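S.K.: Here you go, upload18.cif (mmCIF, C-alpha atoms and all ligand atoms):
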data_input
loop_
_atom_site.label_atom_id
_atom_site.label_comp_id
_atom_site.auth_asym_id
_atom_site.auth_seq_id
_atom_site.Cartn_x
_atom_site.Cartn_y
_atom_site.Cartn_z
CA MET A 160 4.50 -25.73 -1.22
CA SER A 161 6.90 -27.12 1.37
CA GLU A 162 9.19 -24.28 2.34
CA ILE A 163 8.59 -20.61 1.59
CA PRO A 164 11.86 -18.82 0.68
CA LYS A 165 12.94 -15.71 2.60
CA ARG A 166 14.88 -14.15 -0.25
CA THR A 167 14.74 -14.20 -4.03
CA GLN A 168 15.83 -12.06 -6.95
CA VAL A 169 12.37 -11.29 -8.38
CA THR A 170 9.07 -11.51 -6.52
CA ILE A 171 6.17 -12.03 -8.89
CA ILE A 172 2.74 -11.20 -7.51
CA GLY A 173 0.03 -13.16 -9.36
CA GLY A 174 0.35 -16.57 -11.02
CA GLY A 175 -1.88 -16.12 -14.08
CA PRO A 176 -0.40 -16.33 -17.58
CA ALA A 177 1.74 -13.17 -17.13
CA GLY A 178 3.22 -14.20 -13.77
CA SER A 179 3.81 -17.85 -14.57
CA LEU A 180 5.32 -17.18 -18.01
CA LEU A 181 7.61 -14.52 -16.52
CA ALA A 182 8.82 -16.95 -13.85
CA HIS A 183 9.58 -19.55 -16.52
CA LEU A 184 11.41 -17.06 -18.81
CA LEU A 185 13.50 -15.85 -15.85
CA HIS A 186 14.29 -19.44 -14.92
CA LEU A 187 15.61 -20.00 -18.47
CA GLU A 188 17.92 -17.00 -17.89
CA GLY A 189 19.12 -18.41 -14.58
CA ILE A 190 17.23 -15.79 -12.54
CA GLU A 191 15.42 -16.86 -9.37
CA SER A 192 11.87 -15.84 -8.68
CA VAL A 193 9.01 -16.64 -6.32
CA ILE A 194 5.36 -16.40 -7.38
CA LEU A 195 2.83 -15.30 -4.77
CA GLU A 196 -0.71 -16.18 -5.89
CA LEU A 197 -3.87 -15.27 -4.03
CA ARG A 198 -6.00 -18.20 -5.19
CA THR A 199 -5.54 -21.95 -5.10
CA ARG A 200 -3.76 -23.71 -7.95
CA GLN A 201 -6.97 -25.46 -8.85
CA HIS A 202 -8.86 -22.18 -9.14
CA VAL A 203 -6.23 -20.69 -11.46
CA LEU A 204 -6.20 -23.83 -13.61
CA GLU A 205 -9.97 -23.95 -14.03
CA ARG A 206 -10.61 -20.37 -15.20
CA VAL A 207 -12.08 -20.29 -18.69
CA ARG A 208 -10.76 -17.46 -20.85
CA ALA A 209 -10.18 -16.55 -24.50
CA GLY A 210 -8.15 -18.74 -26.80
CA VAL A 211 -6.40 -16.94 -29.63
CA ILE A 212 -2.60 -17.05 -29.63
CA GLU A 213 -1.02 -14.54 -32.00
CA HIS A 214 1.72 -15.67 -34.40
CA GLY A 215 4.45 -13.89 -32.39
CA SER A 216 3.13 -15.24 -29.07
CA ALA A 217 3.20 -18.78 -30.47
CA GLU A 218 6.85 -18.28 -31.42
CA VAL A 219 7.67 -17.02 -27.93
CA LEU A 220 6.01 -20.07 -26.37
CA ARG A 221 7.85 -22.47 -28.70
CA GLU A 222 11.21 -20.82 -28.04
CA ALA A 223 10.55 -21.12 -24.31
CA GLY A 224 9.90 -24.87 -24.74
CA LEU A 225 6.18 -24.45 -24.08
CA GLY A 226 4.86 -25.11 -27.58
CA ASN A 227 4.49 -28.91 -27.71
CA ARG A 228 0.91 -29.34 -26.62
CA MET A 229 -0.15 -26.06 -28.30
CA ASP A 230 1.22 -27.38 -31.61
CA GLN A 231 -0.34 -30.82 -31.17
CA GLU A 232 -3.75 -29.86 -29.84
CA GLY A 233 -4.21 -26.26 -30.99
CA PHE A 234 -5.58 -25.30 -34.38
CA ILE A 235 -3.77 -23.08 -36.85
CA HIS A 236 -6.17 -20.50 -38.27
CA GLU A 237 -5.02 -18.83 -41.44
CA GLY A 238 -7.88 -16.33 -41.48
CA VAL A 239 -11.04 -15.02 -39.82
CA ASN A 240 -14.40 -13.97 -41.24
CA LEU A 241 -16.52 -10.88 -40.81
CA ALA A 242 -20.24 -11.30 -41.43
CA PHE A 243 -22.73 -8.59 -42.31
CA ASP A 244 -25.85 -8.43 -44.48
CA GLU A 245 -25.77 -12.12 -45.30
CA ARG A 246 -22.19 -11.65 -46.55
CA LEU A 247 -18.93 -13.08 -45.31
CA ILE A 248 -15.63 -11.25 -45.78
CA ARG A 249 -12.63 -13.50 -45.26
CA ILE A 250 -9.46 -11.92 -43.92
CA ASP A 251 -6.82 -14.23 -45.34
CA PHE A 252 -3.93 -13.80 -42.87
CA MET A 253 -1.61 -16.18 -44.65
CA GLY A 254 -2.19 -14.69 -48.11
CA LEU A 255 -2.06 -11.10 -46.88
CA VAL A 256 0.72 -11.07 -44.27
CA GLY A 257 2.12 -14.63 -44.25
CA LYS A 258 1.16 -15.29 -40.63
CA TYR A 259 -1.51 -17.18 -38.68
CA VAL A 260 -3.00 -17.43 -35.19
CA ILE A 261 -3.43 -20.56 -33.09
CA ILE A 262 -6.66 -21.43 -31.32
CA TYR A 263 -5.58 -22.86 -27.99
CA GLY A 264 -7.52 -22.11 -24.82
CA GLN A 265 -5.86 -20.01 -22.15
CA THR A 266 -6.94 -22.71 -19.70
CA GLU A 267 -4.70 -25.20 -21.54
CA LEU A 268 -1.81 -22.75 -21.72
CA GLN A 269 -2.10 -22.16 -17.98
CA LYS A 270 -1.71 -25.94 -17.42
CA ASP A 271 1.43 -25.96 -19.58
CA LEU A 272 2.82 -23.01 -17.62
CA TYR A 273 2.19 -24.60 -14.22
CA GLN A 274 3.77 -27.80 -15.51
CA ALA A 275 6.90 -25.84 -16.53
CA ILE A 276 7.02 -24.17 -13.12
CA GLU A 277 6.83 -27.52 -11.41
CA THR A 278 9.56 -28.93 -13.66
CA GLY A 279 11.79 -25.91 -12.98
CA ILE A 280 11.07 -26.19 -9.25
CA ILE A 281 10.11 -22.52 -9.21
CA PRO A 282 8.45 -21.69 -5.87
CA LEU A 283 4.76 -20.93 -6.37
CA VAL A 284 3.09 -19.92 -3.11
CA ASP A 285 -0.65 -20.18 -3.54
CA GLU A 286 -3.25 -18.80 -1.12
CA ALA A 287 -0.92 -15.90 -0.30
CA VAL A 288 -3.20 -13.24 1.20
CA GLY A 289 -2.76 -9.70 2.52
CA ILE A 290 0.32 -9.01 0.40
CA GLU A 291 2.11 -5.74 1.24
CA ILE A 292 5.13 -4.33 -0.56
CA HIS A 293 7.65 -2.43 1.55
CA ASP A 294 10.25 0.10 0.47
CA VAL A 295 9.24 -0.04 -3.14
CA GLY A 296 11.03 3.25 -3.79
CA GLY A 297 14.33 2.02 -2.29
CA ASP A 298 16.96 -0.47 -3.43
CA ARG A 299 15.83 -3.41 -1.27
CA PRO A 300 12.10 -3.98 -1.56
CA SER A 301 10.48 -6.65 0.59
CA ILE A 302 7.11 -8.31 0.71
CA SER A 303 5.00 -9.48 3.60
CA PHE A 304 1.99 -11.79 3.34
CA LEU A 305 -0.05 -14.36 5.18
CA ARG A 306 -0.48 -18.01 4.29
CA GLN A 307 -2.81 -20.20 6.32
CA GLY A 308 -2.66 -17.69 9.16
CA ASN A 309 1.17 -17.52 9.27
CA ARG A 310 3.00 -14.30 8.43
CA HIS A 311 5.91 -14.49 5.97
CA ALA A 312 8.50 -12.00 4.71
CA LEU A 313 10.36 -12.13 1.42
CA ASP A 314 13.31 -9.89 0.45
CA CYS A 315 14.09 -9.31 -3.20
CA ASP A 316 15.74 -7.10 -5.81
CA PHE A 317 12.63 -6.45 -7.90
CA VAL A 318 8.85 -6.82 -7.60
CA VAL A 319 6.61 -7.54 -10.58
CA GLY A 320 2.85 -7.02 -10.34
CA CYS A 321 1.13 -9.65 -12.50
CA ASP A 322 -1.97 -9.62 -10.33
CA GLY A 323 -4.56 -8.84 -12.98
CA VAL A 324 -7.30 -6.27 -13.11
CA HIS A 325 -8.27 -6.57 -9.42
CA GLY A 326 -4.67 -6.59 -8.22
CA ILE A 327 -3.09 -4.44 -5.56
CA THR A 328 0.40 -3.79 -6.94
CA ARG A 329 -0.40 -0.85 -9.19
CA ASP A 330 -1.53 1.11 -6.10
CA TYR A 331 2.14 1.22 -5.05
CA ILE A 332 2.95 3.57 -7.91
CA PRO A 333 2.48 7.08 -6.45
CA LYS A 334 -0.85 8.52 -7.59
CA SER A 335 0.79 11.75 -8.67
CA LEU A 336 2.76 9.84 -11.33
CA VAL A 337 -0.11 7.77 -12.72
CA GLN A 338 -2.28 8.66 -15.66
CA SER A 339 -5.20 6.35 -16.54
CA PHE A 340 -7.00 6.13 -19.84
CA GLU A 341 -10.38 4.52 -20.03
CA ARG A 342 -13.25 3.62 -22.36
CA THR A 343 -16.31 1.67 -21.27
CA TYR A 344 -18.43 0.25 -24.04
CA PRO A 345 -22.20 0.38 -23.49
CA PHE A 346 -22.81 -3.39 -23.81
CA VAL A 347 -21.59 -6.81 -22.65
CA TRP A 348 -20.77 -10.13 -24.28
CA VAL A 349 -22.75 -13.16 -23.19
CA GLY A 350 -20.51 -16.16 -23.79
CA VAL A 351 -21.30 -19.85 -23.94
CA LEU A 352 -19.05 -22.89 -23.99
CA SER A 353 -21.05 -25.63 -25.64
CA SER A 354 -20.34 -29.30 -26.24
CA SER A 355 -21.20 -29.20 -29.91
CA PRO A 356 -19.12 -29.15 -33.10
CA PRO A 357 -18.14 -25.58 -34.12
CA VAL A 358 -20.33 -24.11 -36.87
CA ALA A 359 -17.31 -23.19 -39.02
CA ASP A 360 -13.60 -24.01 -39.30
CA GLU A 361 -12.62 -20.39 -38.73
CA LEU A 362 -13.87 -17.65 -36.40
CA ILE A 363 -16.81 -15.54 -37.54
CA TYR A 364 -17.34 -12.03 -36.14
CA ALA A 365 -20.86 -10.89 -37.11
CA ASN A 366 -22.29 -7.39 -37.28
CA HIS A 367 -26.10 -7.43 -37.21
CA GLU A 368 -28.70 -4.75 -36.54
CA THR A 369 -29.80 -6.69 -33.45
CA GLY A 370 -26.24 -6.90 -32.14
CA PHE A 371 -22.82 -8.48 -32.50
CA ALA A 372 -22.14 -12.25 -32.45
CA LEU A 373 -18.96 -14.33 -32.49
CA CYS A 374 -18.46 -17.98 -33.36
CA SER A 375 -15.27 -19.41 -31.91
CA MET A 376 -14.17 -22.84 -30.72
CA ARG A 377 -11.91 -24.81 -28.45
CA ASN A 378 -11.80 -28.10 -30.35
CA LYS A 379 -13.78 -30.27 -32.77
CA GLN A 380 -16.44 -31.00 -30.16
CA LEU A 381 -16.34 -27.80 -28.14
CA SER A 382 -17.70 -24.50 -29.42
CA ARG A 383 -17.37 -21.04 -27.96
CA TYR A 384 -20.08 -18.53 -28.93
CA TYR A 385 -20.76 -14.97 -27.85
CA VAL A 386 -23.63 -12.53 -28.43
CA GLN A 387 -23.81 -8.87 -27.53
CA GLY A 388 -26.14 -8.08 -24.61
CA SER A 389 -27.21 -4.85 -22.88
CA ALA A 390 -24.89 -3.21 -20.36
CA ASP A 391 -26.88 -4.32 -17.32
CA ASP A 392 -27.72 -7.88 -18.49
CA GLN A 393 -27.18 -10.74 -16.03
CA ILE A 394 -26.71 -14.42 -16.84
CA GLU A 395 -30.33 -15.10 -15.80
CA ASP A 396 -31.47 -12.77 -18.62
CA TRP A 397 -29.96 -15.18 -21.14
CA PRO A 398 -31.54 -18.65 -20.86
CA ASP A 399 -30.17 -21.06 -23.49
CA ASP A 400 -33.14 -20.65 -25.85
CA ARG A 401 -32.75 -16.90 -26.00
CA PHE A 402 -28.99 -17.24 -26.53
CA TRP A 403 -29.25 -19.67 -29.45
CA GLU A 404 -32.08 -17.68 -31.04
CA ALA A 405 -30.07 -14.44 -30.89
CA LEU A 406 -26.99 -16.18 -32.29
CA LYS A 407 -28.91 -17.69 -35.22
CA THR A 408 -30.55 -14.37 -36.08
CA ARG A 409 -27.23 -12.56 -36.16
CA LEU A 410 -25.40 -14.98 -38.45
CA PRO A 411 -25.81 -15.17 -42.24
CA GLN A 412 -28.46 -17.75 -43.11
CA GLY A 413 -25.96 -20.09 -44.75
CA VAL A 414 -24.06 -20.26 -41.47
CA SER A 415 -26.99 -20.38 -39.04
CA GLU A 416 -28.52 -23.31 -40.96
CA ARG A 417 -25.42 -25.32 -40.09
CA LEU A 418 -25.39 -24.32 -36.40
CA VAL A 419 -25.64 -27.32 -34.08
CA THR A 420 -26.69 -26.36 -30.60
CA GLY A 421 -25.67 -28.44 -27.60
CA PRO A 422 -25.54 -28.47 -23.82
CA THR A 423 -23.98 -25.29 -22.44
CA ILE A 424 -21.10 -26.18 -20.15
CA GLU A 425 -20.47 -22.62 -19.07
CA LYS A 426 -22.15 -19.25 -19.52
CA LEU A 427 -20.67 -15.90 -18.61
CA VAL A 428 -21.24 -12.19 -19.01
CA THR A 429 -18.18 -10.06 -19.89
CA PRO A 430 -18.20 -6.27 -19.80
CA LEU A 431 -16.29 -4.50 -22.58
CA HIS A 432 -13.76 -2.11 -21.27
CA SER A 433 -10.45 -0.54 -22.29
CA TRP A 434 -8.16 0.79 -19.65
CA VAL A 435 -4.46 1.63 -19.54
CA ALA A 436 -2.45 2.88 -16.54
CA GLU A 437 0.79 4.70 -17.30
CA PRO A 438 3.61 4.27 -16.43
CA MET A 439 4.01 0.50 -16.04
CA SER A 440 6.89 0.82 -13.60
CA PHE A 441 8.16 2.72 -10.58
CA ARG A 442 11.73 2.23 -9.41
CA ARG A 443 11.99 -1.51 -8.63
CA LEU A 444 8.31 -2.29 -9.24
CA PHE A 445 7.05 -3.33 -12.67
CA LEU A 446 3.53 -4.13 -13.86
CA ALA A 447 2.68 -6.68 -16.55
CA GLY A 448 -0.51 -8.00 -18.17
CA ASP A 449 -3.98 -7.16 -16.93
CA ALA A 450 -2.51 -5.43 -13.85
CA ALA A 451 -1.57 -2.55 -16.15
CA HIS A 452 -4.08 -2.66 -18.99
CA VAL A 453 -7.33 -4.25 -20.08
CA VAL A 454 -8.73 -4.48 -23.59
CA PRO A 455 -12.19 -5.56 -24.77
CA PRO A 456 -12.21 -9.18 -26.02
CA THR A 457 -12.86 -8.20 -29.67
CA GLY A 458 -9.67 -9.36 -31.35
CA ALA A 459 -8.53 -11.40 -28.31
CA LYS A 460 -5.51 -9.28 -27.42
CA GLY A 461 -5.46 -9.62 -23.60
CA LEU A 462 -3.42 -12.80 -23.30
CA ASN A 463 -1.08 -11.72 -26.10
CA LEU A 464 -0.31 -8.43 -24.37
CA ALA A 465 0.46 -10.30 -21.15
CA ILE A 466 2.91 -12.45 -23.14
CA SER A 467 4.65 -9.51 -24.85
CA ASP A 468 4.96 -7.53 -21.59
CA VAL A 469 6.75 -10.35 -19.81
CA VAL A 470 9.02 -11.04 -22.78
CA TYR A 471 10.22 -7.40 -22.68
CA LEU A 472 10.57 -7.53 -18.92
CA ALA A 473 12.43 -10.86 -18.83
CA GLU A 474 14.90 -9.50 -21.41
CA ALA A 475 15.44 -6.30 -19.40
CA LEU A 476 15.94 -8.24 -16.16
CA ALA A 477 18.33 -10.68 -17.84
CA ASP A 478 20.32 -7.74 -19.22
CA HIS A 479 20.43 -6.19 -15.75
CA TYR A 480 21.70 -9.37 -14.09
CA ARG A 481 24.29 -9.85 -16.85
CA THR A 482 25.65 -6.31 -17.02
CA GLY A 483 24.38 -4.43 -13.96
CA SER A 484 22.73 -1.90 -16.28
CA MET A 485 19.28 -0.46 -15.52
CA THR A 486 18.81 0.87 -19.07
CA GLY A 487 16.50 -1.91 -20.27
CA LEU A 488 14.46 -1.82 -17.09
CA ASP A 489 14.15 1.96 -17.28
CA SER A 490 12.76 1.78 -20.80
CA TYR A 491 10.43 -1.20 -20.11
CA SER A 492 7.33 0.91 -19.53
CA LYS A 493 7.76 2.94 -22.71
CA ALA A 494 8.47 -0.12 -24.89
CA ALA A 495 5.58 -2.15 -23.44
CA LEU A 496 3.12 0.76 -23.71
CA ALA A 497 3.87 1.30 -27.40
CA ARG A 498 2.78 -2.32 -28.03
CA VAL A 499 -0.18 -2.01 -25.64
CA TRP A 500 -1.60 1.03 -27.41
CA ARG A 501 -1.45 -0.70 -30.79
CA ALA A 502 -3.62 -3.46 -29.34
CA VAL A 503 -5.92 -0.95 -27.62
CA ARG A 504 -6.41 0.78 -30.94
CA PHE A 505 -7.06 -2.47 -32.81
CA SER A 506 -9.58 -3.79 -30.30
CA TRP A 507 -11.33 -0.39 -30.15
CA TRP A 508 -11.52 -0.31 -33.97
CA MET A 509 -12.94 -3.84 -34.21
CA THR A 510 -15.35 -3.23 -31.34
CA THR A 511 -16.61 -0.01 -32.92
CA MET A 512 -17.02 -1.60 -36.34
CA MET A 513 -18.83 -4.75 -35.22
CA HIS A 514 -21.28 -3.80 -32.43
CA ASP A 515 -24.72 -2.28 -32.28
CA PHE A 516 -24.45 1.08 -30.52
CA SER A 517 -28.18 1.88 -30.77
CA GLY A 518 -29.14 4.56 -28.33
CA MET A 519 -25.57 5.86 -28.42
CA ALA A 520 -24.86 6.07 -32.13
CA ASP A 521 -26.75 8.13 -34.68
CA ASP A 522 -27.32 7.50 -38.38
CA PHE A 523 -23.98 9.10 -39.18
CA ASP A 524 -22.15 6.49 -37.03
CA ARG A 525 -24.14 3.66 -38.59
CA ARG A 526 -23.22 4.82 -42.08
CA LEU A 527 -19.56 4.96 -41.08
CA GLN A 528 -19.71 1.45 -39.64
CA ARG A 529 -21.18 0.13 -42.87
CA THR A 530 -18.63 2.04 -44.95
CA GLU A 531 -15.82 0.50 -42.91
CA LEU A 532 -17.13 -3.02 -43.62
CA GLU A 533 -17.68 -2.23 -47.32
CA TYR A 534 -14.14 -0.91 -47.50
CA LEU A 535 -12.80 -4.17 -46.06
CA ALA A 536 -14.88 -6.15 -48.54
CA ALA A 537 -13.59 -4.08 -51.46
CA SER A 538 -9.97 -3.35 -50.63
CA GLU A 539 -7.15 -5.82 -50.23
CA ASN A 540 -5.09 -3.10 -48.56
CA ALA A 541 -7.79 -2.62 -45.92
CA ARG A 542 -7.90 -6.38 -45.33
CA ARG A 543 -4.10 -6.46 -45.09
CA ALA A 544 -4.18 -3.80 -42.37
CA MET A 545 -6.76 -5.82 -40.46
CA ALA A 546 -4.75 -9.04 -40.90
CA GLU A 547 -1.64 -7.29 -39.59
CA GLY A 548 -3.51 -6.06 -36.53
CA TYR A 549 -5.17 -9.39 -35.83
CA VAL A 550 -2.11 -11.63 -36.07
CA GLY A 551 -0.14 -9.04 -34.07
CA PRO A 552 3.43 -7.79 -34.35
CA SER A 553 6.54 -9.86 -33.80
CA VAL A 554 7.39 -9.93 -30.11
N1 LIG B 1 -2.25 -11.16 -4.56
C1 LIG B 1 -1.76 -12.21 -5.28
N2 LIG B 1 -2.29 -12.61 -6.44
C2 LIG B 1 -3.34 -11.93 -6.92
C3 LIG B 1 -3.89 -10.80 -6.24
C4 LIG B 1 -3.29 -10.42 -5.01
N3 LIG B 1 -3.75 -9.40 -4.31
N4 LIG B 1 -4.93 -10.34 -6.94
C5 LIG B 1 -5.04 -11.12 -8.02
N5 LIG B 1 -4.10 -12.09 -8.01
C6 LIG B 1 -3.88 -13.17 -8.99
C7 LIG B 1 -5.17 -13.72 -9.58
O1 LIG B 1 -5.74 -14.72 -8.75
C8 LIG B 1 -4.70 -14.27 -10.90
O2 LIG B 1 -4.30 -15.63 -10.80
O3 LIG B 1 -3.20 -12.63 -10.11
C9 LIG B 1 -3.49 -13.42 -11.26
C10 LIG B 1 -3.76 -12.53 -12.43
O4 LIG B 1 -3.97 -13.33 -13.56
P1 LIG B 1 -4.87 -12.86 -14.81
O5 LIG B 1 -6.07 -12.14 -14.33
O6 LIG B 1 -5.05 -14.02 -15.66
O7 LIG B 1 -3.95 -11.73 -15.51
P2 LIG B 1 -2.65 -11.90 -16.41
O8 LIG B 1 -1.75 -12.95 -15.91
O9 LIG B 1 -2.16 -10.51 -16.63
O10 LIG B 1 -3.19 -12.48 -17.78
C11 LIG B 1 -3.91 -11.71 -18.70
O11 LIG B 1 -5.78 -13.12 -18.61
O12 LIG B 1 -7.62 -11.93 -17.82
C12 LIG B 1 -7.06 -12.55 -18.91
O13 LIG B 1 -7.85 -11.42 -20.81
C13 LIG B 1 -6.82 -11.54 -19.93
O14 LIG B 1 -6.03 -13.13 -21.33
C14 LIG B 1 -5.61 -12.09 -20.52
C15 LIG B 1 -4.81 -12.63 -19.45
C1 LIG B 2 -12.69 -17.09 -27.66
O1 LIG B 2 -12.51 -18.10 -28.34
O2 LIG B 2 -13.05 -17.16 -26.46
C2 LIG B 2 -12.49 -15.76 -28.28
C3 LIG B 2 -12.07 -15.69 -29.60
C4 LIG B 2 -11.91 -14.46 -30.20
C5 LIG B 2 -12.16 -13.31 -29.48
C6 LIG B 2 -12.56 -13.38 -28.16
C7 LIG B 2 -12.74 -14.61 -27.56
O3 LIG B 2 -12.01 -12.09 -30.09
#
Please rewrite the model in this file as structure tokens.
Ligand code: APR
Ligand code: PHB
M.R.:
Amino acid sequence: MSEIPKRTQVTIIGGGPAGSLLAHLLHLEGIESVILELRTRQHVLERVRAGVIEHGSAEVLREAGLGNRMDQEGFIHEGVNLAFDERLIRIDFMGLVGKYVIIYGQTELQKDLYQAIETGIIPLVDEAVGIEIHDVGGDRPSISFLRQGNRHALDCDFVVGCDGVHGITRDYIPKSLVQSFERTYPFVWVGVLSSSPPVADELIYANHETGFALCSMRNKQLSRYYVQGSADDQIEDWPDDRFWEALKTRLPQGVSERLVTGPTIEKLVTPLHSWVAEPMSFRRLFLAGDAAHVVPPTGAKGLNLAISDVVYLAEALADHYRTGSMTGLDSYSKAALARVWRAVRFSWWMTTMMHDFSGMADDFDRRLQRTELEYLAASENARRAMAEGYVGPSV
């Protein structure tokens, strides 16, 4: 980055999907922003994350001119499958609600977003450390930070915290105004990216007495698999052999027979956690994406929530700069949270239905879990409700 601006309209803290998409959407509205990102560009571009783009998110990306590579290289999935007891229940999104999802890795989307930022010549200051926000309660907030040992100051009209789960911006909302809601699930997902052809054309979420498993993919030669592990498991506890064995056991035989194992390119352990901080704004500070809420990966809602938050926020900011009104900005938190809680509910429901809670759950819970799956197998209405939740609402 050659020159760091001293003033902008909107300072965006964090250049992940939420921050970089917001900067692009504002640019399309003729609103200036600066992104301050803690890490290097390369680090942000190499992070491996989930890869399910909801129908409405895909439309947002296309409308913003970001859909070309997603449409060429991503895969449209018109349904997903739930496995239990050697059975597969297909949730036919297209047939049930006329929508689909697109499998396109967040890593790829992040590349497209950084490309758009470069094209729009939107200032992205990477390696910005020690960020402090000043006068967040007043009309003229400003930011100070260090880059390569030099101190910088940036004046702006609004500050948006897109700095993810470990970010610092939400601490600027006075504690007395904040209410947090939290649920920690007593297990982790162990995930593997493997250079092998995916076992199936669509995702399979499997409920098995020995634990949950998920078969996903990135492309025809790259598979993404997950198995449920214990809360305190580390990567070392899951050598490849154990991982593949657990995965095979948890899938219906007809599926596991087709499983091709391959070199594991990446292995990670993800805790399952739901957390929402309310409100998502204070005066001229707004939070978006993982900075304000986290959902467990069951149902892959995290990225989609980041997208819907910044769409609402970009619209409210555009309205403000057009008309001078604060109405849209004042109702941002309420509108975003309504959408967030729908996704929290959906991911909680799927997590509860699909995992092994042994030790925590009793026979009553296990019967309920089974009844839920039987209900989905038997009732088109139940499948329609799941399809609606999975593909997500219109943004
Ligand atoms: N200062 C500046 N930037 C920061 C700071 C800080 N103090 N702390 C964190 N960041 C940066 C991170 O380096 C990261 O690039 O903020 C960015 C936050 O990006 P994400 O964690 O990807 O969060 P978000 O953009 O909200 O996207 C949500 O990412 O974590 C997944 O599952 C989640 O898919 C969802 C999506
Ligand atoms: C993934 O492909 O990484 C993925 C897919 C679906 C999920 C979570 C993760 O629910």
S.K.: Between A:Phe441, A:Trp508, A:Phe340, A:Tyr384, which one has atoms that come closest to Pro300 in chain A, using only C-alpha atoms?
M.R.: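 With only C-alpha atoms as the atom set, the closest residue is A:Phe441.
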S.K.: Using all atoms listed in the file, which residues have at least one atom no more than 7 Å from ligand LIG 2 (chain B)? Output them as a PDB file with C-alpha atoms, in the coordinates of the input.
M.R.:
ATOM      1  CA  ARG A 208     -10.760 -17.460 -20.850  1.00  0.00           C
ATOM      2  CA  ALA A 209     -10.180 -16.550 -24.500  1.00  0.00           C
ATOM      3  CA  GLY A 210      -8.150 -18.740 -26.800  1.00  0.00           C
ATOM      4  CA  VAL A 211      -6.400 -16.940 -29.630  1.00  0.00           C
ATOM      5  CA  SER A 375     -15.270 -19.410 -31.910  1.00  0.00           C
ATOM      6  CA  MET A 376     -14.170 -22.840 -30.720  1.00  0.00           C
ATOM      7  CA  ARG A 377     -11.910 -24.810 -28.450  1.00  0.00           C
ATOM      8  CA  ARG A 383     -17.370 -21.040 -27.960  1.00  0.00           C
ATOM      9  CA  PRO A 456     -12.210  -9.180 -26.020  1.00  0.00           C
ATOM     10  CA  THR A 457     -12.860  -8.200 -29.670  1.00  0.00           C
ATOM     11  CA  GLY A 458      -9.670  -9.360 -31.350  1.00  0.00           C
ATOM     12  CA  ALA A 459      -8.530 -11.400 -28.310  1.00  0.00           C
TER      13      ALA A 459
END
S.K.: Determine, counting all atoms listed in the file, which protein, DNA and RNA residues have an atom within 8 Å of an atom of range 252-268 of chain A; residues of the same chain fewer than 3 positions away are not included. Present the result as an mmCIF file with C-alpha atoms, keeping the file's coordinate frame.
M.R.:
data_model
loop_
_atom_site.group_PDB
_atom_site.id
_atom_site.type_symbol
_atom_site.label_atom_id
_atom_site.label_comp_id
_atom_site.auth_asym_id
_atom_site.auth_seq_id
_atom_site.Cartn_x
_atom_site.Cartn_y
_atom_site.Cartn_z
ATOM 1 C CA PRO A 176 -0.400 -16.330 -17.580
ATOM 2 C CA LEU A 204 -6.200 -23.830 -13.610
ATOM 3 C CA GLU A 205 -9.970 -23.950 -14.030
ATOM 4 C CA ARG A 206 -10.610 -20.370 -15.200
ATOM 5 C CA VAL A 207 -12.080 -20.290 -18.690
ATOM 6 C CA ARG A 208 -10.760 -17.460 -20.850
ATOM 7 C CA ALA A 209 -10.180 -16.550 -24.500
ATOM 8 C CA GLY A 210 -8.150 -18.740 -26.800
ATOM 9 C CA VAL A 211 -6.400 -16.940 -29.630
ATOM 10 C CA ILE A 212 -2.600 -17.050 -29.630
ATOM 11 C CA GLU A 213 -1.020 -14.540 -32.000
ATOM 12 C CA HIS A 214 1.720 -15.670 -34.400
ATOM 13 C CA ALA A 217 3.200 -18.780 -30.470
ATOM 14 C CA MET A 229 -0.150 -26.060 -28.300
ATOM 15 C CA GLU A 232 -3.750 -29.860 -29.840
ATOM 16 C CA GLY A 233 -4.210 -26.260 -30.990
ATOM 17 C CA PHE A 234 -5.580 -25.300 -34.380
ATOM 18 C CA ILE A 235 -3.770 -23.080 -36.850
ATOM 19 C CA HIS A 236 -6.170 -20.500 -38.270
ATOM 20 C CA GLU A 237 -5.020 -18.830 -41.440
ATOM 21 C CA GLY A 238 -7.880 -16.330 -41.480
ATOM 22 C CA VAL A 239 -11.040 -15.020 -39.820
ATOM 23 C CA ASP A 271 1.430 -25.960 -19.580
ATOM 24 C CA LEU A 272 2.820 -23.010 -17.620
ATOM 25 C CA MET A 376 -14.170 -22.840 -30.720
ATOM 26 C CA ARG A 377 -11.910 -24.810 -28.450
ATOM 27 C CA LEU A 462 -3.420 -12.800 -23.300
ATOM 28 C CA ARG A 542 -7.900 -6.380 -45.330
ATOM 29 C CA ARG A 543 -4.100 -6.460 -45.090
ATOM 30 C CA ALA A 546 -4.750 -9.040 -40.900
ATOM 31 C CA GLU A 547 -1.640 -7.290 -39.590
ATOM 32 C CA VAL A 550 -2.110 -11.630 -36.070
#
S.K.: Between CA of Ala275 in chain A and CA of Glu218 in chain A, measure the distance and give it in Å to one decimal.
M.R.: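 Going from CA of Ala275 in chain A over to CA of Glu218 in chain A covers 16.7 Å.
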S.K.: Which protein, DNA or RNA residues are at most 9 Å from (-3.6, -0.6, -26.4) in the file's coordinates when you count only C-alpha atoms, listed as a ChimeraX atom specification?
M.R.: /A:433-435,452-454,460,464,496-507
S.K.: Quick one, how far is CA of Leu181 in chain A from CA of Arg481 in chain A?
M.R.: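 Computing it gives 17.3 Å between the two atoms.
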S.K.: Closest to ligand LIG 1 (chain B) among A:Glu368, A:Asp468, A:Asp396, A:Glu361, using all atoms listed in the file?
M.R.: A:Asp468
